[in-house]
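Participant: Got a file for you: work.cif, mmCIF, C-alpha atoms.
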data_final
#
loop_
_atom_site.label_atom_id
_atom_site.label_comp_id
_atom_site.auth_asym_id
_atom_site.auth_seq_id
_atom_site.Cartn_x
_atom_site.Cartn_y
_atom_site.Cartn_z
CA MET B 247 6.86 30.32 -47.27
CA VAL B 248 8.00 26.74 -47.75
CA SER B 249 8.77 27.31 -51.42
CA ASP B 250 10.34 30.78 -50.96
CA PHE B 251 12.59 29.98 -47.99
CA PRO B 252 13.30 26.22 -47.98
CA ASP B 253 16.77 26.68 -46.46
CA LYS B 254 15.30 28.60 -43.52
CA LEU B 255 12.87 25.92 -42.39
CA ALA B 256 13.49 23.04 -40.04
CA MET B 257 10.67 20.62 -40.76
CA LEU B 258 9.16 18.46 -38.03
CA ASP B 259 7.88 15.17 -39.37
CA ILE B 260 4.60 14.24 -37.63
CA ASP B 261 2.32 11.53 -38.98
CA ALA B 262 -1.35 12.33 -39.53
CA ASP B 263 -2.65 10.38 -36.52
CA GLU B 264 -0.20 11.99 -34.12
CA TYR B 265 -0.94 15.45 -35.50
CA HIS B 266 -4.66 14.82 -35.07
CA ARG B 267 -4.18 13.87 -31.41
CA TYR B 268 -1.81 16.80 -30.81
CA TYR B 269 -3.71 19.61 -32.56
CA TYR B 270 -7.35 18.54 -32.92
CA GLY B 271 -7.20 16.58 -29.69
CA PHE B 272 -5.23 18.19 -26.87
CA ILE B 273 -4.84 21.73 -28.23
CA SER B 274 -8.29 22.22 -29.77
CA GLU B 275 -10.33 20.22 -27.28
CA TYR B 276 -8.47 20.83 -24.04
CA LEU B 277 -5.83 23.58 -23.91
CA TYR B 278 -7.61 26.21 -26.02
CA PRO B 279 -10.98 26.06 -24.20
CA LEU B 280 -9.30 26.05 -20.77
CA LEU B 281 -7.30 29.16 -21.63
CA LEU B 282 -10.51 30.92 -22.69
CA ASP B 283 -12.55 29.89 -19.64
CA CYS B 284 -14.72 27.49 -21.64
CA PRO B 285 -14.26 24.30 -19.58
CA GLU B 286 -17.36 22.70 -21.07
CA TYR B 287 -15.36 22.19 -24.29
CA ALA B 288 -12.25 20.78 -22.59
CA VAL B 289 -12.93 17.11 -23.28
CA ALA B 290 -9.63 15.62 -24.46
CA PRO B 291 -7.05 15.56 -21.62
CA GLN B 292 -6.11 12.03 -22.68
CA TYR B 293 -3.90 13.45 -25.45
CA TYR B 294 -1.54 15.26 -23.07
CA SER B 295 1.23 12.72 -23.69
CA ASP B 296 1.03 13.43 -27.45
CA PHE B 297 1.26 17.14 -26.70
CA LEU B 298 4.39 16.58 -24.59
CA SER B 299 5.92 14.30 -27.21
CA VAL B 300 5.54 16.84 -30.03
CA ASN B 301 6.88 19.65 -27.83
CA ASP B 302 9.91 17.58 -26.90
CA ARG B 303 10.64 16.95 -30.58
CA ILE B 304 10.33 20.65 -31.32
CA LEU B 305 12.95 21.26 -28.64
CA GLN B 306 15.22 18.53 -30.03
CA THR B 307 15.08 20.22 -33.42
CA LEU B 308 15.84 23.63 -31.92
CA ARG B 309 18.76 22.29 -29.90
CA ALA B 310 20.43 21.18 -33.12
CA TYR B 311 20.50 24.85 -34.23
CA GLN B 312 20.69 26.62 -30.85
CA PRO B 313 19.58 29.98 -32.29
CA GLU B 314 20.54 33.16 -30.46
CA ARG B 315 16.95 34.36 -30.56
CA LEU B 316 13.72 32.36 -30.32
CA LEU B 317 10.55 33.98 -31.67
CA ILE B 318 7.78 31.78 -30.30
CA CYS B 319 4.38 32.32 -31.87
CA ASP B 320 1.19 31.08 -30.27
CA TYR B 321 -0.08 29.69 -27.03
CA HIS B 322 0.46 25.95 -27.54
CA LEU B 323 4.26 26.43 -27.60
CA TYR B 324 4.38 27.60 -23.99
CA ARG B 325 6.70 24.74 -23.01
CA VAL B 326 9.45 25.87 -25.40
CA PRO B 327 10.86 28.61 -23.11
CA LEU B 328 10.72 26.15 -20.18
CA LEU B 329 12.93 23.64 -21.96
CA ALA B 330 15.21 25.83 -24.11
CA SER B 331 18.32 25.56 -21.92
CA TRP B 332 20.98 27.19 -24.14
CA PRO B 333 21.67 30.96 -23.84
CA CYS B 334 19.29 32.83 -26.12
CA GLN B 335 16.76 35.65 -26.19
CA LYS B 336 13.25 34.22 -25.83
CA VAL B 337 10.42 36.28 -27.28
CA PHE B 338 6.83 35.03 -27.03
CA PHE B 339 3.79 36.29 -28.98
CA TRP B 340 0.59 35.53 -27.04
CA PHE B 341 -2.31 35.83 -29.50
CA LEU B 342 -5.17 35.00 -27.12
CA PRO B 343 -6.80 36.93 -24.30
CA PHE B 344 -4.94 36.45 -21.03
CA LEU B 345 -7.52 36.12 -18.30
CA ASP B 346 -7.52 37.19 -14.69
CA PRO B 347 -6.13 34.35 -12.50
CA SER B 348 -9.50 33.98 -10.78
CA ARG B 349 -10.76 32.47 -14.07
CA HIS B 350 -7.83 30.13 -14.64
CA ALA B 351 -7.82 26.35 -14.93
CA PRO B 352 -5.08 24.35 -13.13
CA LEU B 353 -3.10 23.84 -16.35
CA VAL B 354 -2.59 27.60 -16.68
CA LYS B 355 0.08 27.49 -13.96
CA ASP B 356 2.35 25.67 -16.41
CA VAL B 357 1.59 28.29 -19.07
CA VAL B 358 2.47 31.13 -16.70
CA ASP B 359 5.67 29.32 -15.74
CA GLY B 360 6.65 28.99 -19.39
CA LEU B 361 5.90 32.61 -20.28
CA SER B 362 7.70 33.92 -17.23
CA ARG B 363 10.93 32.25 -18.45
CA CYS B 364 10.92 34.48 -21.56
CA ASP B 365 12.75 37.77 -22.00
CA ILE B 366 9.80 39.49 -23.68
CA VAL B 367 6.15 38.47 -23.97
CA PHE B 368 3.85 40.40 -26.32
CA PHE B 369 0.18 40.67 -25.38
CA PHE B 370 -2.58 42.55 -27.20
CA THR B 371 -3.69 44.86 -24.36
CA SER B 372 -2.47 46.38 -21.11
CA GLU B 373 -5.27 44.48 -19.33
CA TYR B 374 -3.71 41.19 -20.45
CA VAL B 375 -0.30 42.40 -19.26
CA ASP B 376 -1.78 43.17 -15.84
CA ASN B 377 -3.48 39.77 -15.71
CA PHE B 378 -0.21 38.05 -16.55
CA LEU B 379 1.67 39.88 -13.79
CA LYS B 380 -1.09 39.06 -11.29
CA SER B 381 -0.87 35.42 -12.39
CA VAL B 382 2.87 35.24 -11.78
CA GLU B 383 2.36 36.58 -8.27
CA SER B 384 -0.60 34.25 -7.69
CA TYR B 385 1.13 31.04 -8.82
CA PHE B 386 4.71 31.86 -7.81
CA PRO B 387 4.58 34.23 -4.82
CA GLY B 388 7.83 36.10 -4.34
CA ARG B 389 9.33 35.02 -7.67
CA PRO B 390 10.99 38.03 -9.34
CA VAL B 391 9.44 38.89 -12.72
CA THR B 392 12.45 38.82 -15.02
CA CYS B 393 10.51 38.77 -18.28
CA ARG B 394 9.16 41.98 -19.79
CA PRO B 395 5.46 41.86 -20.75
CA VAL B 396 4.59 44.29 -23.54
CA ALA B 397 1.14 45.47 -24.67
CA LEU B 398 1.13 45.81 -28.45
CA VAL B 399 -1.88 45.65 -30.75
CA SER B 400 -1.45 43.67 -33.95
CA GLY B 401 -3.65 45.16 -36.66
CA ALA B 402 -4.73 44.69 -40.24
CA ASP B 403 -2.69 44.47 -43.40
CA PRO B 404 -2.45 48.00 -44.89
CA SER B 405 -3.58 46.61 -48.25
CA TYR B 406 -7.17 46.81 -46.92
CA LEU B 407 -6.90 50.57 -47.43
CA ASP B 408 -6.56 50.03 -51.16
CA THR B 409 -10.05 49.66 -52.59
CA GLN B 410 -9.31 50.91 -56.08
CA GLY B 411 -11.02 48.65 -58.55
CA VAL B 412 -13.44 47.32 -55.90
CA THR B 413 -16.83 47.68 -57.54
CA GLN B 414 -20.48 47.26 -56.74
CA ASP B 415 -20.66 44.67 -59.51
CA ALA B 416 -18.01 42.61 -57.73
CA TYR B 417 -20.09 42.82 -54.52
CA SER B 418 -23.18 41.68 -56.41
CA GLU B 419 -21.31 38.75 -57.93
CA LEU B 420 -19.84 37.72 -54.58
CA LEU B 421 -23.23 37.80 -52.84
CA SER B 422 -24.69 35.61 -55.55
CA ARG B 423 -21.82 33.12 -55.69
CA GLU B 424 -21.03 32.72 -51.98
CA PHE B 425 -24.31 33.52 -50.21
CA GLY B 426 -26.97 32.75 -52.82
CA VAL B 427 -28.29 36.32 -52.61
CA ARG B 428 -29.50 38.39 -55.53
CA TYR B 429 -28.16 41.88 -54.87
CA SER B 430 -30.58 44.80 -54.88
CA SER B 431 -29.75 48.46 -54.34
CA ASP B 432 -33.01 48.67 -52.37
CA CYS B 433 -31.61 46.32 -49.70
CA THR B 434 -29.15 46.86 -46.83
CA TYR B 435 -26.54 44.20 -46.13
CA PHE B 436 -24.90 43.50 -42.77
CA LEU B 437 -21.81 41.32 -42.50
CA SER B 438 -20.40 39.09 -39.79
CA ALA B 439 -17.12 37.39 -40.69
CA SER B 440 -15.14 35.15 -38.34
CA ARG B 441 -13.78 31.65 -38.34
CA LEU B 442 -16.19 28.95 -37.22
CA ASP B 443 -15.39 28.83 -33.50
CA TYR B 444 -17.55 28.53 -30.39
CA VAL B 445 -16.03 31.68 -28.87
CA LYS B 446 -17.05 33.81 -31.89
CA GLY B 447 -20.74 34.01 -30.98
CA ILE B 448 -22.13 33.36 -34.45
CA PRO B 449 -25.50 32.00 -33.20
CA LEU B 450 -25.76 35.13 -31.05
CA VAL B 451 -25.30 37.33 -34.14
CA ILE B 452 -28.17 35.55 -35.87
CA ASP B 453 -30.38 35.85 -32.77
CA GLY B 454 -29.58 39.57 -32.39
CA PHE B 455 -30.32 40.29 -36.03
CA ASP B 456 -33.58 38.38 -35.75
CA LEU B 457 -34.64 40.51 -32.77
CA SER B 458 -33.87 43.63 -34.81
CA PHE B 459 -35.49 42.50 -38.02
CA ARG B 460 -38.98 43.88 -37.60
CA ARG B 461 -37.79 47.35 -36.57
CA LEU B 462 -35.14 47.42 -39.28
CA SER B 463 -37.70 46.40 -41.89
CA GLU B 464 -39.68 49.57 -41.23
CA THR B 465 -37.04 51.64 -43.03
CA MET B 466 -34.97 49.16 -45.09
CA CYS B 467 -34.81 45.64 -46.49
CA PRO B 468 -32.14 44.12 -44.20
CA HIS B 469 -30.04 41.05 -44.95
CA LEU B 470 -27.41 39.38 -42.76
CA LEU B 471 -24.39 37.78 -44.42
CA VAL B 472 -22.58 35.32 -42.14
CA ALA B 473 -19.13 34.23 -43.30
CA ALA B 474 -17.90 31.44 -41.00
CA PRO B 475 -15.05 29.53 -42.67
CA HIS B 476 -14.13 26.21 -41.12
CA HIS B 477 -11.12 26.41 -38.83
CA ARG B 478 -10.82 23.13 -36.92
CA ASN B 479 -13.53 21.06 -38.51
CA ALA B 480 -11.87 17.81 -37.40
CA ALA B 481 -12.61 18.73 -33.76
CA SER B 482 -15.98 17.70 -32.35
CA ALA B 483 -16.70 21.06 -30.66
CA TYR B 484 -16.51 22.85 -33.98
CA LYS B 485 -18.86 20.41 -35.64
CA ALA B 486 -21.24 21.02 -32.74
CA GLU B 487 -20.92 24.79 -33.23
CA GLN B 488 -21.96 24.46 -36.85
CA ASP B 489 -25.02 22.60 -35.61
CA ARG B 490 -25.78 25.46 -33.20
CA ILE B 491 -25.47 27.94 -36.04
CA GLY B 492 -27.92 25.82 -38.04
CA ARG B 493 -30.40 25.78 -35.16
CA ALA B 494 -30.15 29.56 -34.74
CA PHE B 495 -30.88 29.91 -38.43
CA GLU B 496 -33.88 27.57 -38.31
CA ARG B 497 -35.51 29.32 -35.35
CA ALA B 498 -35.06 32.80 -36.80
CA ASP B 499 -38.25 34.39 -38.14
CA SER B 500 -35.95 36.35 -40.44
CA ARG B 501 -34.18 33.27 -41.83
CA ASP B 502 -35.09 34.19 -45.42
CA HIS B 503 -32.86 37.23 -44.85
CA VAL B 504 -29.97 35.35 -43.19
CA HIS B 505 -27.35 33.90 -45.54
CA LEU B 506 -24.55 31.56 -44.47
CA SER B 507 -21.23 30.72 -46.09
CA TYR B 508 -18.65 28.33 -44.64
CA HIS B 509 -16.10 29.02 -47.37
CA HIS B 510 -12.76 30.77 -46.96
CA PHE B 511 -12.57 34.23 -48.51
CA THR B 512 -9.51 35.76 -50.13
CA ARG B 513 -8.23 39.17 -49.06
CA GLU B 514 -9.57 40.62 -52.32
CA GLU B 515 -13.03 39.17 -51.65
CA LEU B 516 -13.03 40.48 -48.09
CA ARG B 517 -12.21 43.98 -49.32
CA VAL B 518 -15.30 43.81 -51.53
CA LEU B 519 -17.51 42.59 -48.67
CA TYR B 520 -16.13 45.17 -46.24
CA ARG B 521 -16.49 48.10 -48.64
CA TYR B 522 -20.19 47.72 -49.38
CA SER B 523 -21.65 46.11 -46.24
CA LYS B 524 -23.54 48.66 -44.12
CA ALA B 525 -22.55 47.19 -40.76
CA PHE B 526 -20.03 44.71 -39.43
CA ILE B 527 -21.08 42.61 -36.43
CA VAL B 528 -18.66 40.92 -34.01
CA GLY B 529 -20.45 38.59 -31.60
CA SER B 530 -17.51 37.08 -29.71
CA ARG B 531 -18.07 35.84 -26.17
CA ILE B 532 -14.34 36.35 -25.60
CA ASP B 533 -11.69 37.51 -28.06
CA GLY B 534 -8.28 39.11 -27.87
CA MET B 535 -7.95 41.40 -30.86
CA PRO B 536 -10.18 40.15 -33.70
CA ILE B 537 -8.65 41.56 -36.84
CA THR B 538 -11.77 41.63 -39.00
CA PRO B 539 -13.31 44.85 -37.57
CA LEU B 540 -9.97 46.61 -38.09
CA GLU B 541 -9.95 45.40 -41.69
CA TYR B 542 -13.57 46.45 -42.16
CA CYS B 543 -13.06 50.07 -41.11
CA LEU B 544 -10.04 50.40 -43.43
CA SER B 545 -12.00 49.19 -46.45
CA ASN B 546 -15.53 50.50 -45.87
CA ALA B 547 -16.93 53.14 -48.21
CA GLY B 548 -17.56 55.63 -45.45
CA ASP B 549 -20.66 55.34 -43.27
CA GLY B 550 -20.58 51.72 -42.19
CA ALA B 551 -20.94 50.78 -38.53
CA ILE B 552 -19.03 48.33 -36.32
CA VAL B 553 -21.34 46.58 -33.83
CA ILE B 554 -19.11 44.69 -31.42
CA SER B 555 -19.16 42.64 -28.23
CA ASP B 556 -17.58 44.28 -25.19
CA ALA B 557 -15.67 41.03 -24.54
CA THR B 558 -13.18 41.80 -27.30
CA GLY B 559 -9.94 43.72 -27.03
CA ALA B 560 -10.91 45.51 -30.24
CA SER B 561 -13.98 47.09 -28.61
CA ALA B 562 -11.77 48.88 -26.09
CA PHE B 563 -9.07 49.69 -28.64
CA MET B 564 -11.59 51.40 -30.96
CA GLU B 565 -13.58 53.02 -28.15
CA GLY B 566 -15.64 55.89 -29.55
CA GLY B 567 -15.64 54.45 -33.04
CA VAL B 568 -17.89 51.44 -32.46
CA TYR B 569 -21.33 50.44 -31.17
CA LYS B 570 -20.77 48.10 -28.23
CA PHE B 571 -23.11 45.55 -26.71
CA ARG B 572 -22.89 43.24 -23.70
CA SER B 573 -21.26 39.94 -24.49
CA GLY B 574 -23.72 37.05 -24.72
CA ASP B 575 -26.81 39.31 -24.83
CA PRO B 576 -28.70 39.14 -28.14
CA ALA B 577 -31.18 41.78 -26.98
CA ASP B 578 -28.34 44.23 -26.36
CA LEU B 579 -26.82 43.35 -29.74
CA SER B 580 -30.19 44.20 -31.25
CA ARG B 581 -30.21 47.52 -29.39
CA ALA B 582 -26.72 48.40 -30.64
CA LEU B 583 -27.53 47.46 -34.23
CA LEU B 584 -30.73 49.52 -34.19
CA ALA B 585 -28.84 52.46 -32.67
CA ALA B 586 -26.25 52.25 -35.43
CA MET B 587 -28.85 52.16 -38.19
CA THR B 588 -31.10 54.91 -36.80
CA GLU B 589 -28.34 57.42 -36.09
CA PRO B 590 -27.66 60.03 -38.78
CA ALA B 591 -25.15 58.96 -41.42
CA SER B 592 -22.93 61.87 -40.34
CA ILE B 593 -22.51 60.31 -36.88
CA ARG B 594 -21.75 56.90 -38.35
CA ARG B 595 -19.14 58.49 -40.62
CA ARG B 596 -17.55 60.27 -37.66
CA LYS B 597 -17.41 57.05 -35.67
CA LEU B 598 -15.97 55.12 -38.60
CA ARG B 599 -13.30 57.78 -39.15
CA ALA B 600 -12.32 57.42 -35.49
CA ALA B 601 -12.11 53.63 -35.81
CA LYS B 602 -10.14 53.93 -39.05
CA SER B 603 -7.69 56.35 -37.45
CA ARG B 604 -7.02 53.85 -34.66
CA SER B 605 -6.69 50.99 -37.11
CA ARG B 606 -4.19 52.93 -39.22
CA GLU B 607 -1.96 53.27 -36.15
CA VAL B 608 -1.49 49.51 -35.82
CA THR B 609 -1.35 48.10 -39.34
CA ILE B 610 0.85 45.04 -39.48
CA ASP B 611 3.84 46.89 -40.97
CA LYS B 612 3.83 49.33 -38.04
CA TRP B 613 3.40 46.44 -35.61
CA LEU B 614 6.49 44.77 -37.04
CA GLU B 615 8.51 47.96 -36.69
CA LYS B 616 7.53 48.20 -33.02
CA VAL B 617 8.33 44.54 -32.43
CA GLU B 618 11.77 44.97 -33.98
CA HIS B 619 12.35 48.06 -31.85
CA ALA B 620 11.29 46.32 -28.63
CA ILE B 621 13.39 43.24 -29.31
CA GLY B 622 16.41 45.13 -30.54
CA THR B 623 16.62 47.96 -28.01
CA GLY B 624 14.66 46.73 -25.02
CA ALA B 625 12.42 49.81 -25.13
CA MET B 626 9.05 49.44 -23.41
CA MET B 627 6.09 49.55 -25.75
CA ALA B 628 2.67 50.73 -24.60
#
For the file at hand, write its structure as C-alpha cells.

Facilitator:
Amino acid sequence: MVSDFPDKLAMLDIDADEYHRYYYGFISEYLYPLLLDCPEYAVAPQYYSDFLSVNDRILQTLRAYQPERLLICDYHLYRVPLLASWPCQKVFFWFLPFLDPSRHAPLVKDVVDGLSRCDIVFFFTSEYVDNFLKSVESYFPGRPVTCRPVALVSGADPSYLDTQGVTQDAYSELLSREFGVRYSSDCTYFLSASRLDYVKGIPLVIDGFDLSFRRLSETMCPHLLVAAPHHRNAASAYKAEQDRIGRAFERADSRDHVHLSYHHFTREELRVLYRYSKAFIVGSRIDGMPITPLEYCLSNAGDGAIVISDATGASAFMEGGVYKFRSGDPADLSRALLAAMTEPASIRRRKLRAAKSRSREVTIDKWLEKVEHAIGTGAMMA
C-alpha cells in the first residue's frame, strides 16, 4: 500500500519506544483485554498518557486535511470521532466482539461515547449491535442515539475458492517443512490456525484433541496441526500464552501427534492446509468473526468438518454447518470432534456445503459492496 499509493498516505512519525508503549503497552496489555472481559491481562494502565498523545497527533494530522468522510478502522481509534470537530461523515468499523454492558470495564464508557458520536458503526453481528445500544442507554441515559449501528459480517477473500493447482504433494511438503511431519495417506490431519493470542484457546484445542485421541485412534491415525503465528510477541501476555501452549503440549499423552508452528503462512499455503485437513478446530474463548473457518470451508475438498467454540460470532453465523462446543470446555470440544469424525461422510459434506453457502454470501468483495451501499445511501444493512 505504501509503495502503490504514496500520495494517499499521511504518515505519522512515532519513534520505536513510544510505539512500544502505545501499542504493546496500553493497547495490547490494557485496552484490548478490558474490551474482551479479560481483566487478568490488563496490566499496563501506566501507558494511558502515551495512548492519548498518539491519538492527539492522529487528530492533528487529520485536521490538516479535514476530509469529508472518516473511515475509522479498529477499536483503539475510538477517540477519533470524539475529537474530530470539523463537519464530516464518521464511519467506524468495530472488529471485536461488543459485550453486554454487564461485562464492561470502566474504560468502556469512553469507547461507547466515541462510537456514539459516529454516523455509522459497523459491527459483526446483530447481538453486538444490541449490546452497543444497551450500552449507550446504560452509560448515557436519555441521550438520543444519533449514530446508526449496522450488523455486517466481514468474510473471507473469494480467492480461497480457487484451489486449482493445490495438490496433495504440496500438502505433504508443507507438513514436512512447517510442522516436521512426514505425510502418510493412512493418517488423518486436523488443523487449528489462529494468531497466537490468549483469547484464541490454543491450549484448549490441544487438551480437547488429547481427550479424543484414544477414541480417534480406534479408526484412524490422528494428527493435530497447530498454526499459531506470533501477533504481539513484544507483549508479555503473549509470551506467557506461548508458555501455556508449551505446557499443554508437554502434558498431552498424544504429544507425538501434536505439531506446532509459530510461523506466518501465506494465503497460498493456507489454501493447501485448508483443502486437505479433515477438520478445522476453533477454540476461542471469545471471538467476533474469526475469518479462518470461513476460509477453510471455501477451500476444503468436500467432507471436512468445522469444530468451533460457541463463543464466536462465526459459530452462530454458520449455524447448521458446524460442530459447536461450549467455550472453555475441552471435554465438550472432544465430544464435538468425535461426533464430527464418527458421522457419515455424507452428513459432513452436507454440513460443509451449508457453511460454504453462508461463507460465499459474505466474501470480502460482497462486504465492500454492502459497506459502500450503506455509507452512500444510508440504507440499513442486516

Participant: Which of these residues is nearest to Val399 (chain B), using only C-alpha atoms: B:Asp283, B:Asp611, B:Asp415, B:Asp549?

Facilitator: B:Asp611

Participant: So that I can see what lies close to Trp332 (chain B), please list as a PDB file with C-alpha atoms, in the frame of the given file the residues with an atom at most 12 Å from it, counting all atoms listed in the file and leaving out residues fewer than 5 positions away in the same chain.

Facilitator:
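Final file, result_31.pdb:
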ATOM      1  CA  LEU B 305      12.950  21.260 -28.640  1.00  0.00           C
ATOM      2  CA  GLN B 306      15.220  18.530 -30.030  1.00  0.00           C
ATOM      3  CA  LEU B 308      15.840  23.630 -31.920  1.00  0.00           C
ATOM      4  CA  ARG B 309      18.760  22.290 -29.900  1.00  0.00           C
ATOM      5  CA  ALA B 310      20.430  21.180 -33.120  1.00  0.00           C
ATOM      6  CA  TYR B 311      20.500  24.850 -34.230  1.00  0.00           C
ATOM      7  CA  GLN B 312      20.690  26.620 -30.850  1.00  0.00           C
ATOM      8  CA  PRO B 313      19.580  29.980 -32.290  1.00  0.00           C
ATOM      9  CA  GLU B 314      20.540  33.160 -30.460  1.00  0.00           C
ATOM     10  CA  ARG B 315      16.950  34.360 -30.560  1.00  0.00           C
ATOM     11  CA  LEU B 316      13.720  32.360 -30.320  1.00  0.00           C
ATOM     12  CA  VAL B 326       9.450  25.870 -25.400  1.00  0.00           C
ATOM     13  CA  PRO B 327      10.860  28.610 -23.110  1.00  0.00           C
TER      14      PRO B 327
END

Participant: Which residues would end up in the selection if the PyMOL selection byres ((chain B and resi 359) around 9) were applied here, given that I need the answer as a ChimeraX atom specification?

Facilitator: /B:324-325,328,354-358,360-363,382,385-386

Participant: Next, write the just-selected residues to a file, as a compact mmCIF listing (two decimals), in the coordinates of the input, keeping C-alpha atoms as the atom set.

Facilitator:
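Saved file result-v6.txt follows:
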# COMPACT_ATOMS: atom_id res chain seq x y z
CA TYR B 324 4.38 27.60 -23.99
CA ARG B 325 6.70 24.74 -23.01
CA LEU B 328 10.72 26.15 -20.18
CA VAL B 354 -2.59 27.60 -16.68
CA LYS B 355 0.08 27.49 -13.96
CA ASP B 356 2.35 25.67 -16.41
CA VAL B 357 1.59 28.29 -19.07
CA VAL B 358 2.47 31.13 -16.70
CA GLY B 360 6.65 28.99 -19.39
CA LEU B 361 5.90 32.61 -20.28
CA SER B 362 7.70 33.92 -17.23
CA ARG B 363 10.93 32.25 -18.45
CA VAL B 382 2.87 35.24 -11.78
CA TYR B 385 1.13 31.04 -8.82
CA PHE B 386 4.71 31.86 -7.81

Participant: Taking the file above as input, evaluate the PyMOL selection byres ((chain B and resi 271) around 10) and report the hits as a PyMOL selection string.

Facilitator: chain B and resi 264-270+272-277+288-294+296-297+480-482

Participant: Kindly give the distance, in Å, that separates CA of Tyr522 (chain B) and CA of Leu442 (chain B), rounded to a single decimal.

Facilitator: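 Taking CA of Tyr522 (chain B) and CA of Leu442 (chain B), their separation equals 22.7 Å.
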
Participant: If the PyMOL selection byres ((chain B and resi 339-345) around 10) were run on this exact file, what residues would it hold? Put them as a ChimeraX atom specification.

Facilitator: /B:278,281-283,317-324,337-338,346-350,354,361,366-371,373-378,380-381,396,398-400,532-536,557-559

Participant: Quick one: residues within 10 Å of Val608 (chain B), only C-alpha atoms, excluding same-chain residues fewer than 6 positions away - as a PyMOL selection string?

Facilitator: chain B and resi 398-404+540+614+616

Participant: Using only C-alpha atoms, list the residues that have an atom at most 12 Å from (-15.0, 36.4, -50.1), coordinates as in the file, as a VMD selection string.

Facilitator: chain B and resid 416 to 425 437 to 440 471 to 475 507 to 521

Participant: Taking every listed atom of region 507-526 of chain B and adding 6 Å to each side, what centre and edge lengths in Å (one decimal) does the axis-aligned box have, as JSON?

Facilitator:
{"center_x": -15.9, "center_y": 38.5, "center_z": -45.9, "size_x": 27.3, "size_y": 32.3, "size_z": 24.9}

Participant: Just the residues within 6 Å of region 483-499 of chain B, please, counting only C-alpha atoms, with nothing from its chain fewer than 4 positions along; format it as a list in words.

Facilitator: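 So, after excluding close chain neighbours, the residues are Tyr444, Pro449, Asp456 and Asn479 of chain B.
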